[in-house]
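**Student:** The structure that follows is given in the form of structure tokens.
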Amino acid sequence: MVEFRLIKQKKPRAPMNRTLVLNDADRARLTPRLLNSSTLKAQATPPVGTIQGNCLAIAQHLPPAFVDLLILDPPYNLNKCFNGRKFSKRTVEDYTNWLDEVICSLKPLLKPTASIYICGDWFSSASIFTVADRYFTVQNRITWEREKGRGAKTNWKNASEDIWFCTMSEVYTFNVNAVKLRRRVLAPYRNRDGTPKDWHVTKQGNFRDTYPSNLWTDITIPFWSMPENTMHPTQKSEKLLAKLVLASTNPGDFVLDPFLGSGTTSVVAKKLGRKYLGIELDEEYSLLAERRLELADLETDIQGFSDGVFWERNTLSIQPRPNLGAV
């Protein structure tokens, strides 16, 4: 078993710091909830929850064709440390071969109508397309603005990431009306009778609900004042995952994330009424996921998603709703 690292705080947290951390009581309470390969053998139906272990090994113990949506967010082809575990940058060929092994292990779990989203940065995207095109139908590539991060003195600042949208076949779920984006209207055109043309008047301003594109500029990376924030170094936001889950599943569908991290995919799936299974190698991150799932029973909101639409960054915060922080 890998030892978890306790976070030593040299000074009290700032009053607005809402980063989720675990204490010993949390760990003692949540550890029995974690699933493992031995417990899977006794289950006749796909398990719901968090499995702590290696996804390549765990996949061998899961039933075939039960997954409606696969969220694949593996380590990017970078030098990165995850709670003491190091993932080292590889050649493009080696990373491609590793990703091929991952997808080959997971593909038998997918339904013929399943959708797949594969996350990566500019460097790993070459490998992602090569492997995805080999096993799936590549439908699109989403690019989302990652506004957080330092600049580079000898290169352009890396301020975006990609999500490749793939399907098992040409028969798949895509709920376009569930993922509309509410934008401010700067030039409010009107019909001849003076009524708004495809936009709405509110006390906070004029807004239009638009169909989603493959360029997303409304995502906020979780940070210390957001209640969903954890110490995971590459945590995705609930808002980002909610778009994928709402677009490509229906209530009751099954969502699998084999590189769960601190649990965002499972938390979003639970809040949106989907079944979920997350696999995570690190025990501490697995326990963080379980703690977030526990808290999801009390707080069902998804930051930046309200009234059935996604809001542009920094626009929903003007609405009189509690604990929203930045959109």
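Ligands are numbered from 1 in the order shown, chains are lettered A, B, ... in the order of the structure tokens, and residues start at 1 in each chain.
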Please identify all polymer residues within 12 Å of Ala242 (chain A), counting only C-alpha atoms, omitting same-chain residues fewer than 2 positions from it, and present them as number ranges by chain.

**Tutor:** A: 71, 178-180, 219, 236-240, 244-249, 255, 264-274, 301-306, 308-310

**Student:** Could you write out, as an MDAnalysis selection string, all the residues of region 66-165 of chain A that DSSP marks as helix (DSSP H, G or I)?

**Tutor:** chainID A and resid 92:109 125:135

**Student:** Mind giving me the straight-line distance from CA of Val131 (chain A) to CA of Asp94 (chain A) in Å, one decimal?

**Tutor:**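 Taking CA of Val131 (chain A) and CA of Asp94 (chain A), their separation equals 12.1 Å.
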
**Student:** Of the candidates A:Thr230, A:Ser125, A:Thr167, A:Asn177, which shows the shortest atom-to-atom distance to Leu287 (chain A), using only C-alpha atoms?

**Tutor:**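 Checking each candidate against Leu287 (chain A), we get A:Thr230 as the closest.
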
**Student:** Can you tell me how far CA of Leu72 (chain A) sits from CA of Leu260 (chain A), in Å to one decimal?

**Tutor:**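 Computing it gives 8.7 Å between the two atoms.
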
**Student:** Go ahead and compute the interatomic distance for CA of Asn17 (chain A) and CA of Pro222 (chain A), in Å to one decimal.

**Tutor:**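 For CA of Asn17 (chain A) relative to CA of Pro222 (chain A), the distance reads 11.7 Å.
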
**Student:** For Phe223 (chain A), please output as a list in words all residues within 10 Å (counting only C-alpha atoms; exclusion window: fewer than 5 positions along the same chain).

**Tutor:**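 Residues meeting the cut-off are Asn17, Arg18, Thr19, Lys148, Glu228, Asn229, Thr230, Met231, Gln235, Ser237 and Ala326 of chain A.
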
**Student:** Write down as a ChimeraX atom specification the residues of region 2-121 of chain A whose backbone DSSP state falls under strand (DSSP E or B).

**Tutor:** /A:35,49-52,67-72,80-82,85-87,110-120

**Student:** Write out the residues from the selection above, keeping N, CA and C atoms, as a compact mmCIF listing (two decimals), in the first residue's frame.

**Tutor:**
```
# COMPACT_ATOMS: atom_id res chain seq x y z
N LEU A 35 -13.47 0.04 -3.29
CA LEU A 35 -13.56 -1.29 -3.89
C LEU A 35 -12.17 -1.71 -4.36
N GLY A 49 -19.10 3.21 -7.62
CA GLY A 49 -18.24 3.70 -6.56
C GLY A 49 -16.83 3.96 -7.04
N THR A 50 -15.86 3.75 -6.14
CA THR A 50 -14.46 4.03 -6.41
C THR A 50 -13.63 2.79 -6.16
N ILE A 51 -12.86 2.40 -7.18
CA ILE A 51 -11.96 1.26 -7.06
C ILE A 51 -10.54 1.80 -6.93
N GLN A 52 -9.83 1.36 -5.91
CA GLN A 52 -8.43 1.76 -5.77
C GLN A 52 -7.56 0.66 -6.36
N VAL A 67 -20.57 0.23 -20.26
CA VAL A 67 -20.27 1.65 -20.14
C VAL A 67 -20.90 2.45 -21.27
N ASP A 68 -21.64 3.51 -20.90
CA ASP A 68 -22.21 4.42 -21.90
C ASP A 68 -21.26 5.56 -22.24
N LEU A 69 -20.44 5.97 -21.27
CA LEU A 69 -19.52 7.09 -21.48
C LEU A 69 -18.21 6.81 -20.78
N LEU A 70 -17.12 6.87 -21.55
CA LEU A 70 -15.78 6.72 -21.01
C LEU A 70 -15.10 8.09 -21.00
N ILE A 71 -14.72 8.53 -19.82
CA ILE A 71 -13.92 9.75 -19.67
C ILE A 71 -12.49 9.30 -19.42
N LEU A 72 -11.61 9.55 -20.37
CA LEU A 72 -10.24 9.09 -20.27
C LEU A 72 -9.33 10.30 -20.10
N LYS A 80 5.50 14.65 -14.46
CA LYS A 80 4.52 15.09 -13.47
C LYS A 80 4.58 14.18 -12.26
N CYS A 81 4.34 14.76 -11.09
CA CYS A 81 4.34 13.99 -9.85
C CYS A 81 2.93 13.98 -9.27
N PHE A 82 2.43 12.79 -8.97
CA PHE A 82 1.09 12.63 -8.41
C PHE A 82 1.23 12.00 -7.02
N ARG A 85 4.10 9.74 -6.81
CA ARG A 85 4.31 8.90 -7.99
C ARG A 85 4.70 9.78 -9.18
N LYS A 86 5.78 9.41 -9.84
CA LYS A 86 6.25 10.21 -10.95
C LYS A 86 5.85 9.58 -12.28
N PHE A 87 5.30 10.41 -13.16
CA PHE A 87 5.06 9.99 -14.54
C PHE A 87 6.05 10.76 -15.39
N LEU A 110 -17.05 -1.08 -23.21
CA LEU A 110 -17.93 -0.08 -23.77
C LEU A 110 -19.09 -0.69 -24.55
N LYS A 111 -20.25 -0.06 -24.43
CA LYS A 111 -21.40 -0.45 -25.23
C LYS A 111 -21.17 -0.06 -26.70
N PRO A 112 -21.85 -0.70 -27.64
CA PRO A 112 -21.70 -0.32 -29.05
C PRO A 112 -22.12 1.12 -29.33
N THR A 113 -22.93 1.71 -28.45
CA THR A 113 -23.39 3.09 -28.62
C THR A 113 -22.64 4.08 -27.74
N ALA A 114 -21.54 3.65 -27.13
CA ALA A 114 -20.83 4.47 -26.16
C ALA A 114 -20.10 5.64 -26.81
N SER A 115 -19.89 6.68 -26.01
CA SER A 115 -19.05 7.81 -26.40
C SER A 115 -17.80 7.82 -25.54
N ILE A 116 -16.74 8.41 -26.09
CA ILE A 116 -15.44 8.44 -25.42
C ILE A 116 -14.88 9.85 -25.52
N TYR A 117 -14.41 10.38 -24.41
CA TYR A 117 -13.69 11.65 -24.41
C TYR A 117 -12.29 11.41 -23.86
N ILE A 118 -11.27 11.82 -24.63
CA ILE A 118 -9.88 11.60 -24.23
C ILE A 118 -9.20 12.95 -24.07
N CYS A 119 -8.69 13.21 -22.88
CA CYS A 119 -8.08 14.50 -22.56
C CYS A 119 -6.59 14.49 -22.84
N GLY A 120 -6.07 15.65 -23.25
CA GLY A 120 -4.64 15.77 -23.49
C GLY A 120 -4.23 17.21 -23.71
```

**Student:** Check the smallest atom-to-atom distance from each of A:Val21, A:Val201, A:Leu295, A:Leu56 to Pro108 (chain A) using only C-alpha atoms, then report the winner.

**Tutor:**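 That would be A:Leu56, the residue with the smallest distance to Pro108 (chain A).
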